[in-house]
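Student: Input file: upload-v8.cif. Contents: mmCIF, C-alpha atoms.
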data_run
loop_
_atom_site.label_atom_id
_atom_site.label_comp_id
_atom_site.auth_asym_id
_atom_site.auth_seq_id
_atom_site.Cartn_x
_atom_site.Cartn_y
_atom_site.Cartn_z
CA MET A 110 0.00 0.00 0.00
CA ASP A 111 1.24 3.48 -0.85
CA MET A 112 2.00 5.54 2.22
CA LEU A 113 1.89 9.31 2.57
CA GLN A 114 4.53 11.10 4.62
CA VAL A 115 2.45 13.71 6.44
CA SER A 116 4.25 16.44 8.34
CA VAL A 117 1.91 18.01 10.90
CA TRP A 118 2.46 21.03 13.14
CA ARG A 119 2.34 20.05 16.81
CA GLY A 120 2.33 22.58 19.62
CA ALA A 121 1.20 26.18 19.83
CA ALA A 122 3.25 29.29 18.99
CA SER A 123 6.32 27.19 19.69
CA GLY A 124 6.40 23.62 18.53
CA GLY A 125 7.51 21.66 15.53
CA TYR A 126 6.51 19.36 12.71
CA ARG A 127 6.00 15.68 13.37
CA THR A 128 5.78 13.19 10.54
CA TYR A 129 3.15 10.48 10.30
CA GLU A 130 2.72 7.68 7.79
CA VAL A 131 -0.81 7.56 6.44
CA PRO A 132 -2.15 4.98 3.93
CA ARG A 133 -2.89 6.53 0.55
CA GLN A 134 -6.47 6.02 -0.59
CA GLU A 135 -8.47 6.92 -3.61
CA SER A 136 -10.45 10.20 -3.47
CA GLN A 137 -8.77 11.00 -0.16
CA SER A 138 -9.15 14.53 1.18
CA VAL A 139 -6.60 16.26 3.37
CA LEU A 140 -9.21 16.26 6.13
CA ASP A 141 -9.40 12.45 5.77
CA VAL A 142 -5.64 12.36 6.32
CA VAL A 143 -5.81 14.48 9.48
CA THR A 144 -8.73 12.42 10.79
CA TYR A 145 -6.81 9.18 10.13
CA ILE A 146 -3.86 10.48 12.13
CA GLN A 147 -6.04 11.37 15.10
CA ARG A 148 -8.08 8.18 15.07
CA HIS A 149 -5.33 5.67 14.33
CA LEU A 150 -1.93 7.16 15.10
CA ASP A 151 -2.11 9.94 17.67
CA PRO A 152 -5.34 10.78 19.55
CA THR A 153 -3.74 13.88 21.09
CA LEU A 154 -3.79 15.70 17.72
CA SER A 155 -6.18 18.67 17.84
CA TYR A 156 -7.95 20.03 14.76
CA ARG A 157 -11.26 21.59 13.94
CA PHE A 158 -13.96 20.54 11.49
CA ALA A 159 -17.73 20.24 11.36
CA CYS A 160 -19.60 19.70 8.09
CA ARG A 161 -16.93 17.94 5.95
CA VAL A 162 -18.67 19.14 2.78
CA GLY A 163 -17.49 22.74 2.32
CA MET A 164 -20.34 24.51 4.05
CA CYS A 165 -18.95 25.54 7.43
CA GLY A 166 -15.36 26.61 6.76
CA ALA A 167 -14.12 25.23 10.09
CA CYS A 168 -11.46 22.92 8.63
CA ALA A 169 -9.30 25.60 6.97
CA MET A 170 -5.59 24.89 7.45
CA THR A 171 -2.31 25.61 5.72
CA VAL A 172 -1.54 22.75 3.33
CA ASN A 173 1.92 22.84 1.73
CA GLY A 174 2.12 26.53 2.58
CA VAL A 175 -1.28 27.50 1.14
CA ALA A 176 -4.46 28.17 3.14
CA ARG A 177 -7.23 25.78 2.06
CA TRP A 178 -10.36 24.01 3.18
CA THR A 179 -8.97 20.58 3.96
CA CYS A 180 -12.34 18.88 3.36
CA ARG A 181 -12.50 20.12 -0.24
CA THR A 182 -8.84 19.54 -1.03
CA HIS A 183 -8.01 16.17 -2.55
CA VAL A 184 -4.64 14.75 -1.59
CA SER A 185 -3.96 14.17 -5.28
CA LYS A 186 -4.21 17.91 -5.88
CA VAL A 187 -1.57 18.95 -3.35
CA VAL A 188 0.71 15.97 -2.67
CA GLN A 189 4.35 16.49 -3.60
CA GLY A 190 5.86 13.08 -4.28
CA ASN A 191 4.26 11.36 -1.34
CA ALA A 192 4.67 14.23 1.12
CA ILE A 193 2.19 16.74 2.53
CA GLN A 194 2.80 19.42 5.14
CA ILE A 195 -0.16 20.55 7.26
CA ALA A 196 -0.05 23.60 9.54
CA PRO A 197 -2.59 25.85 11.27
CA LEU A 198 -3.88 28.94 9.45
CA ALA A 199 -1.35 31.79 9.36
CA HIS A 200 -1.81 35.19 11.04
CA LEU A 201 -3.89 33.77 13.89
CA PRO A 202 -2.72 32.63 17.34
CA VAL A 203 -2.41 28.85 17.55
CA VAL A 204 -4.40 27.30 20.38
CA LYS A 205 -2.98 23.83 19.84
CA ASP A 206 -1.71 21.89 16.81
CA LEU A 207 -4.02 22.77 13.90
CA VAL A 208 -6.52 24.82 15.90
CA THR A 209 -6.30 28.60 15.70
CA ASP A 210 -7.93 31.25 17.87
CA MET A 211 -10.36 33.01 15.49
CA ARG A 212 -11.37 35.75 17.95
CA GLU A 213 -9.32 38.54 16.40
CA PHE A 214 -10.60 37.58 12.95
CA PHE A 215 -14.25 37.91 14.01
CA ASP A 216 -13.62 40.92 16.27
CA LYS A 217 -12.44 42.68 13.13
CA TRP A 218 -15.78 41.94 11.45
CA ALA A 219 -17.41 43.78 14.34
CA ARG A 220 -14.84 46.60 14.07
CA ALA A 221 -15.67 46.94 10.37
CA ARG A 222 -19.32 47.38 11.40
CA GLY A 223 -20.25 44.01 9.95
CA GLN A 224 -23.65 43.92 11.64
CA PHE A 225 -26.77 44.77 9.68
CA VAL A 226 -28.42 47.98 10.91
CA SER A 227 -31.84 48.72 9.51
CA GLY A 228 -32.26 52.16 8.02
CA THR A 229 -35.86 51.71 6.97
CA GLY A 230 -37.50 51.62 10.39
CA ALA A 231 -38.88 48.20 9.52
CA THR A 232 -40.00 45.89 12.31
CA ARG A 233 -40.65 42.19 12.28
CA LYS A 234 -44.27 43.01 11.46
CA SER A 235 -43.30 44.96 8.34
CA ASP A 236 -43.66 43.55 4.87
CA PHE A 237 -40.55 42.29 3.06
CA ALA A 238 -38.32 44.93 1.49
CA ARG A 239 -38.62 44.63 -2.25
CA ILE A 240 -35.22 44.92 -3.94
CA ALA A 241 -34.78 44.25 -7.64
CA SER A 242 -32.33 41.40 -8.08
CA ASP A 243 -30.68 43.24 -10.98
CA SER A 244 -30.24 46.57 -9.16
CA PRO A 245 -26.55 47.65 -9.07
CA GLY A 246 -26.38 47.53 -5.26
CA ARG A 247 -27.89 44.07 -5.10
CA VAL A 248 -25.53 42.78 -7.82
CA ALA A 249 -22.53 44.20 -5.92
CA ALA A 250 -23.72 42.74 -2.62
CA ASN A 251 -24.43 39.35 -4.22
CA ALA A 252 -20.83 39.14 -5.44
CA GLY A 253 -19.56 39.02 -1.87
CA ILE A 254 -22.48 37.70 0.14
CA GLU A 255 -21.59 34.00 0.13
CA CYS A 256 -18.62 34.42 2.52
CA ILE A 257 -18.80 31.88 5.36
CA GLY A 258 -15.93 33.32 7.43
CA CYS A 259 -13.44 30.48 7.06
CA GLY A 260 -10.40 32.77 7.37
CA VAL A 261 -8.57 31.49 4.26
CA CYS A 262 -8.34 35.01 2.81
CA TYR A 263 -7.14 36.45 6.13
CA ALA A 264 -4.43 33.81 6.42
CA SER A 265 -3.35 34.48 2.82
CA CYS A 266 -3.12 38.28 3.11
CA ASP A 267 0.36 39.85 3.21
CA VAL A 268 -0.99 43.12 4.61
CA VAL A 269 -2.38 41.29 7.66
CA SER A 270 1.13 40.01 8.40
CA TRP A 271 2.61 43.51 8.04
CA ASN A 272 -0.11 45.44 9.85
CA PRO A 273 -1.73 43.53 12.73
CA ASP A 274 -4.52 46.13 12.96
CA TYR A 275 -5.56 45.64 9.33
CA LEU A 276 -9.19 44.54 9.25
CA GLY A 277 -8.53 42.01 6.53
CA PRO A 278 -10.33 40.90 3.36
CA ALA A 279 -13.29 39.09 4.93
CA ALA A 280 -14.33 41.90 7.29
CA LEU A 281 -13.97 44.51 4.54
CA ASN A 282 -15.90 42.34 2.08
CA ARG A 283 -18.68 42.07 4.64
CA ALA A 284 -18.76 45.85 5.08
CA TRP A 285 -18.99 46.26 1.29
CA THR A 286 -22.01 43.93 1.04
CA LEU A 287 -23.79 45.93 3.73
CA ILE A 288 -22.97 49.29 2.13
CA ASN A 289 -24.67 47.99 -1.02
CA ASP A 290 -27.74 46.86 0.90
CA GLU A 291 -30.57 49.32 0.18
CA ARG A 292 -31.93 48.81 3.70
CA ASP A 293 -28.60 49.75 5.33
CA GLY A 294 -28.87 52.40 8.02
CA ALA A 295 -25.23 52.70 9.08
CA ARG A 296 -23.40 53.72 5.92
CA ALA A 297 -21.53 56.68 7.42
CA GLU A 298 -20.37 54.74 10.49
CA ARG A 299 -19.30 51.85 8.33
CA LEU A 300 -17.36 54.00 5.85
CA ALA A 301 -15.61 55.68 8.79
CA ALA A 302 -14.83 52.31 10.36
CA VAL A 303 -13.22 50.93 7.20
CA ALA A 304 -11.24 54.08 6.31
CA GLY A 305 -7.56 54.58 6.87
CA ASP A 306 -4.44 52.66 7.71
CA ALA A 307 -6.15 49.66 9.31
CA GLY A 308 -8.92 49.62 6.72
CA CYS A 309 -9.45 49.44 2.99
CA HIS A 310 -6.69 51.89 2.08
CA ALA A 311 -4.04 49.55 3.44
CA CYS A 312 -4.84 46.93 0.76
CA HIS A 313 -2.01 46.53 -1.76
CA THR A 314 -4.17 44.66 -4.28
CA HIS A 315 -1.94 41.58 -4.16
CA LEU A 316 -5.10 39.52 -4.87
CA SER A 317 -4.04 36.59 -2.67
CA CYS A 318 -7.47 36.67 -0.99
CA SER A 319 -9.28 36.53 -4.33
CA GLU A 320 -6.94 33.82 -5.61
CA ARG A 321 -7.48 31.55 -2.60
CA CYS A 322 -11.10 32.16 -1.59
CA PRO A 323 -12.77 28.73 -1.73
CA LYS A 324 -16.08 30.45 -2.51
CA ASP A 325 -14.58 32.29 -5.49
CA ILE A 326 -15.39 35.64 -3.94
CA ALA A 327 -13.12 38.54 -4.91
CA PRO A 328 -12.56 40.52 -1.68
CA THR A 329 -10.06 42.65 -3.61
CA ALA A 330 -12.92 43.99 -5.73
CA SER A 331 -15.00 44.68 -2.62
CA ILE A 332 -12.07 46.53 -1.03
CA ALA A 333 -11.58 48.55 -4.21
CA GLY A 334 -15.26 49.50 -3.99
CA LEU A 335 -14.76 50.60 -0.39
CA LYS A 336 -11.73 52.69 -1.38
CA ARG A 337 -13.83 54.52 -3.94
CA ALA A 338 -16.79 54.96 -1.58
CA VAL A 339 -14.61 56.23 1.29
CA ALA A 340 -12.62 58.56 -0.97
CA LEU A 341 -15.86 59.97 -2.38
CA ALA A 342 -17.24 60.48 1.13
CA ALA A 343 -14.02 62.25 2.18
CA TRP A 344 -14.20 64.42 -0.94
CA LYS A 345 -17.76 65.42 -0.07
CA GLY A 346 -16.80 66.10 3.56
CA GLU A 347 -18.97 63.28 4.79
CA LEU A 348 -16.26 61.18 6.41
CA MET B 113 -25.72 59.10 2.34
CA ASN B 114 -25.79 61.21 5.48
CA GLY B 115 -24.85 64.88 5.57
CA ALA B 116 -21.41 66.14 6.49
CA GLY B 117 -22.15 66.84 10.14
CA GLN B 118 -23.90 63.54 10.64
CA GLY B 119 -21.06 61.69 8.96
CA GLY B 120 -18.43 63.24 11.23
CA ALA B 121 -20.54 62.58 14.32
CA ALA B 122 -21.09 59.03 13.17
CA ALA B 123 -17.37 58.61 12.68
CA ARG B 124 -16.70 59.76 16.21
CA ALA B 125 -19.47 57.55 17.56
CA ALA B 126 -17.94 54.65 15.68
CA GLY B 127 -14.74 55.16 17.65
CA MET B 128 -12.82 55.80 14.45
CA SER B 129 -9.18 56.63 14.96
CA PRO B 130 -8.65 60.36 14.45
CA GLY B 131 -6.06 59.52 11.80
CA ALA B 132 -8.44 57.64 9.51
CA LYS B 133 -9.63 60.80 7.78
CA ALA B 134 -6.05 62.01 7.31
CA GLU B 135 -5.04 58.57 6.02
CA THR B 136 -7.87 58.70 3.51
CA TRP B 137 -6.66 62.07 2.24
CA LEU B 138 -3.09 60.80 2.01
CA TRP B 139 -4.41 57.91 -0.07
CA ILE B 140 -6.28 60.30 -2.36
CA ALA B 141 -3.19 62.52 -2.65
CA GLN B 142 -1.01 59.57 -3.55
CA ARG B 143 -3.41 58.28 -6.20
CA ALA B 144 -3.89 61.76 -7.68
CA SER B 145 -0.13 62.39 -7.78
CA ALA B 146 0.34 58.96 -9.37
CA ALA B 147 -1.99 60.01 -12.18
CA VAL B 148 0.07 63.17 -12.74
CA LEU B 149 3.31 61.16 -12.57
CA ALA B 150 2.10 58.67 -15.18
CA LEU B 151 1.99 61.51 -17.69
CA CYS B 152 5.11 63.32 -16.44
CA VAL B 153 7.31 60.22 -16.44
CA LEU B 154 6.20 59.44 -19.98
CA VAL B 155 7.09 62.93 -21.21
CA HIS B 156 10.38 62.83 -19.28
CA LEU B 157 11.38 59.44 -20.74
CA VAL B 158 10.48 60.47 -24.29
CA THR B 159 12.59 63.61 -23.79
CA ILE B 160 15.57 61.56 -22.58
CA ILE B 161 15.27 59.07 -25.44
CA TYR B 162 15.00 61.94 -27.93
CA ALA B 163 18.09 63.64 -26.47
CA VAL B 164 20.14 60.44 -26.49
CA ARG B 165 19.12 59.32 -29.98
CA HIS B 166 19.90 62.74 -31.42
CA GLY B 167 23.23 62.92 -29.61
CA LEU B 168 22.42 66.20 -27.90
CA THR B 169 25.23 67.52 -25.71
CA GLY B 170 24.68 69.00 -22.27
CA ALA B 171 25.22 72.42 -23.72
CA ALA B 172 22.67 71.78 -26.47
CA ILE B 173 20.08 70.66 -23.92
CA LEU B 174 20.77 73.68 -21.73
CA GLY B 175 20.40 75.84 -24.81
CA ARG B 176 16.85 74.56 -25.19
CA THR B 177 15.83 74.69 -21.55
CA ARG B 178 17.38 78.09 -20.73
CA GLY B 179 14.58 80.61 -20.40
CA ASN B 180 12.04 77.97 -21.43
CA GLY B 181 9.00 78.71 -19.25
CA ALA B 182 7.12 75.63 -20.47
CA ALA B 183 9.97 73.33 -19.40
CA LEU B 184 10.18 75.03 -16.01
CA ALA B 185 6.43 74.74 -15.51
CA PHE B 186 6.44 71.08 -16.57
CA TYR B 187 9.30 70.12 -14.24
CA SER B 188 7.78 72.12 -11.37
CA VAL B 189 4.59 70.05 -11.66
CA TYR B 190 6.68 66.88 -11.99
CA VAL B 191 8.69 67.72 -8.86
CA LEU B 192 5.55 68.58 -6.90
CA ALA B 193 3.95 65.25 -7.84
CA ILE B 194 7.11 63.39 -6.77
CA ALA B 195 7.28 65.30 -3.49
CA VAL B 196 3.68 64.28 -2.74
CA HIS B 197 3.82 60.72 -4.03
CA ALA B 198 7.13 59.29 -2.83
CA PRO B 199 7.03 60.21 0.89
CA ILE B 200 3.50 58.80 1.30
CA GLY B 201 4.58 55.50 -0.22
CA LEU B 202 7.82 55.41 1.77
CA ARG B 203 5.83 56.15 4.93
CA THR B 204 3.66 53.09 4.28
CA LEU B 205 6.74 50.96 3.61
CA CYS B 206 8.29 52.11 6.89
CA GLN B 207 5.09 51.22 8.74
CA GLU B 208 4.71 47.80 7.19
CA TRP B 209 8.29 46.62 6.87
CA LEU B 210 10.02 48.38 9.77
CA GLY B 211 7.08 48.65 12.17
CA TRP B 212 7.82 52.37 12.46
CA ARG B 213 4.43 53.80 13.46
CA SER B 214 5.24 56.66 15.83
CA ALA B 215 4.64 60.36 15.12
CA SER B 216 8.33 60.73 14.22
CA LEU B 217 7.57 58.89 10.98
CA ASN B 218 5.23 61.69 9.90
CA TRP B 219 7.96 64.26 10.49
CA PHE B 220 10.40 62.11 8.54
CA ALA B 221 7.94 61.88 5.62
CA LEU B 222 7.29 65.62 5.74
CA ALA B 223 11.02 66.39 5.78
CA LEU B 224 11.51 64.05 2.81
CA ALA B 225 8.68 65.76 0.93
CA LEU B 226 10.17 69.21 1.52
CA ALA B 227 13.67 68.03 0.57
CA LEU B 228 12.43 66.40 -2.66
CA PHE B 229 10.49 69.52 -3.53
CA ALA B 230 13.36 71.91 -2.73
CA PHE B 231 16.09 69.94 -4.50
CA GLY B 232 13.84 69.18 -7.44
CA LEU B 233 12.88 72.81 -7.92
CA ARG B 234 16.52 73.84 -7.55
CA ALA B 235 17.45 71.49 -10.39
CA GLY B 236 14.56 72.77 -12.53
CA TRP B 237 15.55 76.35 -11.83
CA ALA B 238 19.19 75.60 -12.65
CA VAL B 239 18.42 74.37 -16.18
CA PHE B 240 16.03 77.29 -16.63
CA THR B 241 18.61 79.92 -15.72
CA GLY B 242 21.43 77.78 -17.21
#
I'd like the structure from this file rewritten - as structure tokens, please.
Tutor:
Amino acid sequence: MDMLQVSVWRGAASGGYRTYEVPRQESQSVLDVVTYIQRHLDPTLSYRFACRVGMCGACAMTVNGVARWTCRTHVSKVVQGNAIQIAPLAHLPVVKDLVTDMREFFDKWARARGQFVSGTGATRKSDFARIASDSPGRVAANAGIECIGCGVCYASCDVVSWNPDYLGPAALNRAWTLINDERDGARAERLAAVAGDAGCHACHTHLSCSERCPKDIAPTASIAGLKRAVALAAWKGEL
Amino acid sequence: MNGAGQGGAAARAAGMSPGAKAETWLWIAQRASAAVLALCVLVHLVTIIYAVRHGLTGAAILGRTRGNGAALAFYSVYVLAIAVHAPIGLRTLCQEWLGWRSASLNWFALALALALFAFGLRAGWAVFTG
């Protein structure tokens, strides 16, 4: 039987790679490999997953240096010879082994004013808001709305590594979808929150987030939209 | 979109860092100066290539720039765009690569801007007065 040489990060901020031999199987995902290690070779290995089918985003890890969903990554796609290296997501504190602390990532969503705030005065008794599916705002929001917060873009972003305060692609993409929501009631606060050195203007347009997003979202385009919207607001004295 | 007063109040309520507005303007200034530079660099390069290909001597070039108001005006705009553009970019590099984020960085960038502007204008003036 073919065996994979799987090098897995063990420890927290300090630690090292440990190599395991895992039987190669057909249609094997990287998550299958990690699960095999924990169930058959080393039960102390910590990792995070939930749905296994690319819906939850919990199983994102660094595979051969690239952030990916391990459940949707076939071994055949990433294996080099018979070797694979698996590490926790970059730019996030490691809790243990392959588990990262996502708090800062989600706190930044809140800092980017990622919560919906109604501007229409609607209550739960109100009728549905009617928004044309082909309206420009709806089209722009749709382009970024499918984000499930897996952190792959955040772990892939160079600016996050250079500027720890940078809100990151996912939080900014979220802000952009809300700014394009006709019902939005917090546009000014949101534009102010995403302006400046820690916000959209720090983006260097490297496109790593757009390249690696498993949902094929282009956060770079959303951030470019924010740059224009914030610059326009500053120009009009509304920032 | 909210009015100006509301926007500012909202920004303060949002706990926005006081520098965010200034950072936004620096970003606008850098993009605007980049647009000017795109044209100026092109004209400058074409001028150099023309001078080299026609074997113009230093004296011949000075002969054309001396008293040439258009050349002085062009290079003054060019120098101004450089003085705006380069220090803002270098400031960002210092922040991201060196972790230099204190107020001293702003003074450094300002000093660089003034130096680029002064030396650039001096050079432009020199070929004008020849």
Student: Which one is closest to chain A: B:Leu192, B:Val153, B:Ala134, B:Ala198? Count all atoms listed in the file.
Tutor: B:Ala134
Student: Would you please work out which residue, of A:Asp206, A:Asp151, A:Asp267, A:Asp325, is nearest to chain B when using only C-alpha atoms?
Tutor: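 Of all the options, A:Asp267 lies closest to chain B.
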Student: Which of these residues is nearest to A:Val226, using all atoms listed in the file: A:Gly294, A:Gly124, A:Pro202, A:Gly246?
Tutor: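 Closest residue, counting all atoms listed in the file: A:Gly294.
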Student: Could you please determine the separation between atom CA of A:Asp141 and atom CA of A:Ile195 in Å, to one decimal place?
Tutor: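 Computing the Euclidean distance for atom CA of A:Asp141 and atom CA of A:Ile195 yields 12.4 Å.
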Student: On this file, the PyMOL selection byres ((chain B and resi 137) around 12) gives some set of residues; write that set as a ChimeraX atom specification.
Tutor: /A:304-306,310,336,339-346,348 /B:131-136,138-145,196,200
Student: For the structure provided, state which residues fall under the PyMOL selection byres ((chain A and resi 139) around 9), and present them as a list in words.
Tutor: Gln137, Ser138, Leu140, Asp141, Val142, Val143, Thr144, Val172, Trp178, Thr179, Cys180, Arg181, Thr182, His183, Val184, Val187, Ile193 and Ile195 of chain A
Student: State, in Å with one decimal place, the distance from atom CA of A:Lys324 to atom CA of A:Ser244.
Tutor: 22.5 Å
Student: Would you please work out which residue, of A:Pro197, A:Gly277, A:Pro245, A:Gly190, is nearest to A:Phe215 when using only C-alpha atoms?
Tutor: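 Nearest to A:Phe215: A:Gly277.
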Student: Which polymer residues have any atom within 9 Å of an atom of A:Thr286, counting only C-alpha atoms, with same-chain residues fewer than 4 positions away left out, as a tab-separated table (two decimals) with C-alpha atoms, in the frame of the given file?
Tutor:
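What follows is the written file selection.tsv:
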chain	number	residue	atom	x	y	z
A	246	GLY	CA	-26.38	47.53	-5.26
A	247	ARG	CA	-27.89	44.07	-5.10
A	249	ALA	CA	-22.53	44.20	-5.92
A	250	ALA	CA	-23.72	42.74	-2.62
A	251	ASN	CA	-24.43	39.35	-4.22
A	252	ALA	CA	-20.83	39.14	-5.44
A	253	GLY	CA	-19.56	39.02	-1.87
A	254	ILE	CA	-22.48	37.70	0.14
A	281	LEU	CA	-13.97	44.51	4.54
A	282	ASN	CA	-15.90	42.34	2.08
A	290	ASP	CA	-27.74	46.86	0.90
A	331	SER	CA	-15.00	44.68	-2.62
Student: Could you check the closest approach to chain A for each of B:Ala147, B:Leu184, B:Leu210, B:Leu157 and tell me which residue wins, using all atoms listed in the file?
Tutor: B:Leu210
Student: Between A:Ala333, A:Leu150, A:Val268, A:Ala219, which has the minimum distance to chain B (counting only C-alpha atoms)?
Tutor: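 The answer is A:Val268, which sits nearest to chain B.
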Student: As a list in words, please: the residues near A:Arg157 (cut-off 8 Å, all atoms listed in the file, same-chain neighbours under 4 positions excluded).
Tutor: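 In the requested form, the answer reads Ala167, Cys168, Leu207 and Val208 of chain A.
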Student: Include C-alpha atoms and write out the residues we just selected as a PDB file, in the frame of the given file.
Tutor:
ATOM      1  CA  ALA A 167     -14.120  25.230  10.090  1.00  0.00           C
ATOM      2  CA  CYS A 168     -11.460  22.920   8.630  1.00  0.00           C
ATOM      3  CA  LEU A 207      -4.020  22.770  13.900  1.00  0.00           C
ATOM      4  CA  VAL A 208      -6.520  24.820  15.900  1.00  0.00           C
TER       5      VAL A 208
END
Student: Find the spatial neighbours of A:Ser227, counting only C-alpha atoms, within a cut-off of 7 Å - ignore same-chain residues fewer than 2 positions away - and output them as number ranges by chain.
Tutor: A: 225, 229-230, 292-294
Student: With C-alpha atoms retained, write the just-selected residues as a tab-separated table (two decimals), keeping the file's coordinate frame.
Tutor:
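File written: out-v6.tsv
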chain	number	residue	atom	x	y	z
A	225	PHE	CA	-26.77	44.77	9.68
A	229	THR	CA	-35.86	51.71	6.97
A	230	GLY	CA	-37.50	51.62	10.39
A	292	ARG	CA	-31.93	48.81	3.70
A	293	ASP	CA	-28.60	49.75	5.33
A	294	GLY	CA	-28.87	52.40	8.02
Student: Report as a short mmCIF file (atom, residue, chain, number, x, y, z; two decimals) with C-alpha atoms, in the coordinates of the input all protein, DNA and RNA residues lying within 8 Å of B:Ala221, evaluated on all atoms listed in the file, omitting residues in the same chain fewer than 3 positions from it.
Tutor:
data_model
loop_
_atom_site.label_atom_id
_atom_site.label_comp_id
_atom_site.auth_asym_id
_atom_site.auth_seq_id
_atom_site.Cartn_x
_atom_site.Cartn_y
_atom_site.Cartn_z
CA PRO B 199 7.03 60.21 0.89
CA ILE B 200 3.50 58.80 1.30
CA LEU B 202 7.82 55.41 1.77
CA ARG B 203 5.83 56.15 4.93
CA LEU B 217 7.57 58.89 10.98
CA ASN B 218 5.23 61.69 9.90
CA LEU B 224 11.51 64.05 2.81
CA ALA B 225 8.68 65.76 0.93
#
Student: Given the file shown, enumerate the residues that the PyMOL selection byres ((chain B and resi 190) around 10) captures and present them as a PyMOL selection string.
Tutor: chain B and resi 145+148-153+156+184-189+191-195+229+232-233+236
Student: Quick one: pull the distance between atom CA of A:Glu255 and atom CA of A:Pro328, Å, one decimal.
Tutor: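 Atom-to-atom, atom CA of A:Glu255 to atom CA of A:Pro328, that is 11.3 Å.
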Student: N, CA and C atoms are what I want for stretch 216-233 of chain B; can you complete it accordingly and write them as a PDB file, in the frame of the given file?
Tutor:
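Contents of part_23.pdb, freshly written:
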ATOM      1  N   SER B 216       7.065  60.321  14.854  1.00  0.00           N
ATOM      2  CA  SER B 216       8.330  60.730  14.220  1.00  0.00           C
ATOM      3  C   SER B 216       8.349  60.355  12.746  1.00  0.00           C
ATOM      4  N   LEU B 217       7.620  59.303  12.388  1.00  0.00           N
ATOM      5  CA  LEU B 217       7.570  58.890  10.980  1.00  0.00           C
ATOM      6  C   LEU B 217       6.933  59.979  10.122  1.00  0.00           C
ATOM      7  N   ASN B 218       5.889  60.632  10.659  1.00  0.00           N
ATOM      8  CA  ASN B 218       5.230  61.690   9.900  1.00  0.00           C
ATOM      9  C   ASN B 218       6.175  62.863   9.650  1.00  0.00           C
ATOM     10  N   TRP B 219       6.984  63.176  10.659  1.00  0.00           N
ATOM     11  CA  TRP B 219       7.960  64.260  10.490  1.00  0.00           C
ATOM     12  C   TRP B 219       9.020  63.877   9.466  1.00  0.00           C
ATOM     13  N   PHE B 220       9.423  62.600   9.509  1.00  0.00           N
ATOM     14  CA  PHE B 220      10.400  62.110   8.540  1.00  0.00           C
ATOM     15  C   PHE B 220       9.837  62.243   7.114  1.00  0.00           C
ATOM     16  N   ALA B 221       8.564  61.827   6.954  1.00  0.00           N
ATOM     17  CA  ALA B 221       7.940  61.880   5.620  1.00  0.00           C
ATOM     18  C   ALA B 221       7.800  63.322   5.158  1.00  0.00           C
ATOM     19  N   LEU B 222       7.451  64.195   6.090  1.00  0.00           N
ATOM     20  CA  LEU B 222       7.290  65.620   5.740  1.00  0.00           C
ATOM     21  C   LEU B 222       8.641  66.215   5.323  1.00  0.00           C
ATOM     22  N   ALA B 223       9.680  65.872   6.099  1.00  0.00           N
ATOM     23  CA  ALA B 223      11.020  66.390   5.780  1.00  0.00           C
ATOM     24  C   ALA B 223      11.462  65.888   4.408  1.00  0.00           C
ATOM     25  N   LEU B 224      11.156  64.621   4.113  1.00  0.00           N
ATOM     26  CA  LEU B 224      11.510  64.050   2.810  1.00  0.00           C
ATOM     27  C   LEU B 224      10.771  64.786   1.694  1.00  0.00           C
ATOM     28  N   ALA B 225       9.489  65.065   1.940  1.00  0.00           N
ATOM     29  CA  ALA B 225       8.680  65.760   0.930  1.00  0.00           C
ATOM     30  C   ALA B 225       9.271  67.138   0.641  1.00  0.00           C
ATOM     31  N   LEU B 226       9.618  67.866   1.699  1.00  0.00           N
ATOM     32  CA  LEU B 226      10.170  69.210   1.520  1.00  0.00           C
ATOM     33  C   LEU B 226      11.524  69.151   0.813  1.00  0.00           C
ATOM     34  N   ALA B 227      12.347  68.155   1.191  1.00  0.00           N
ATOM     35  CA  ALA B 227      13.670  68.030   0.570  1.00  0.00           C
ATOM     36  C   ALA B 227      13.534  67.704  -0.920  1.00  0.00           C
ATOM     37  N   LEU B 228      12.637  66.757  -1.254  1.00  0.00           N
ATOM     38  CA  LEU B 228      12.430  66.400  -2.660  1.00  0.00           C
ATOM     39  C   LEU B 228      11.953  67.610  -3.452  1.00  0.00           C
ATOM     40  N   PHE B 229      11.050  68.354  -2.856  1.00  0.00           N
ATOM     41  CA  PHE B 229      10.490  69.520  -3.530  1.00  0.00           C
ATOM     42  C   PHE B 229      11.574  70.589  -3.733  1.00  0.00           C
ATOM     43  N   ALA B 230      12.343  70.851  -2.659  1.00  0.00           N
ATOM     44  CA  ALA B 230      13.360  71.910  -2.730  1.00  0.00           C
ATOM     45  C   ALA B 230      14.471  71.544  -3.720  1.00  0.00           C
ATOM     46  N   PHE B 231      14.996  70.330  -3.607  1.00  0.00           N
ATOM     47  CA  PHE B 231      16.090  69.940  -4.500  1.00  0.00           C
ATOM     48  C   PHE B 231      15.616  69.814  -5.944  1.00  0.00           C
ATOM     49  N   GLY B 232      14.388  69.321  -6.099  1.00  0.00           N
ATOM     50  CA  GLY B 232      13.840  69.180  -7.440  1.00  0.00           C
ATOM     51  C   GLY B 232      13.654  70.530  -8.109  1.00  0.00           C
ATOM     52  N   LEU B 233      13.097  71.470  -7.364  1.00  0.00           N
ATOM     53  CA  LEU B 233      12.880  72.810  -7.920  1.00  0.00           C
ATOM     54  C   LEU B 233      14.213  73.489  -8.222  1.00  0.00           C
TER      55      LEU B 233
END
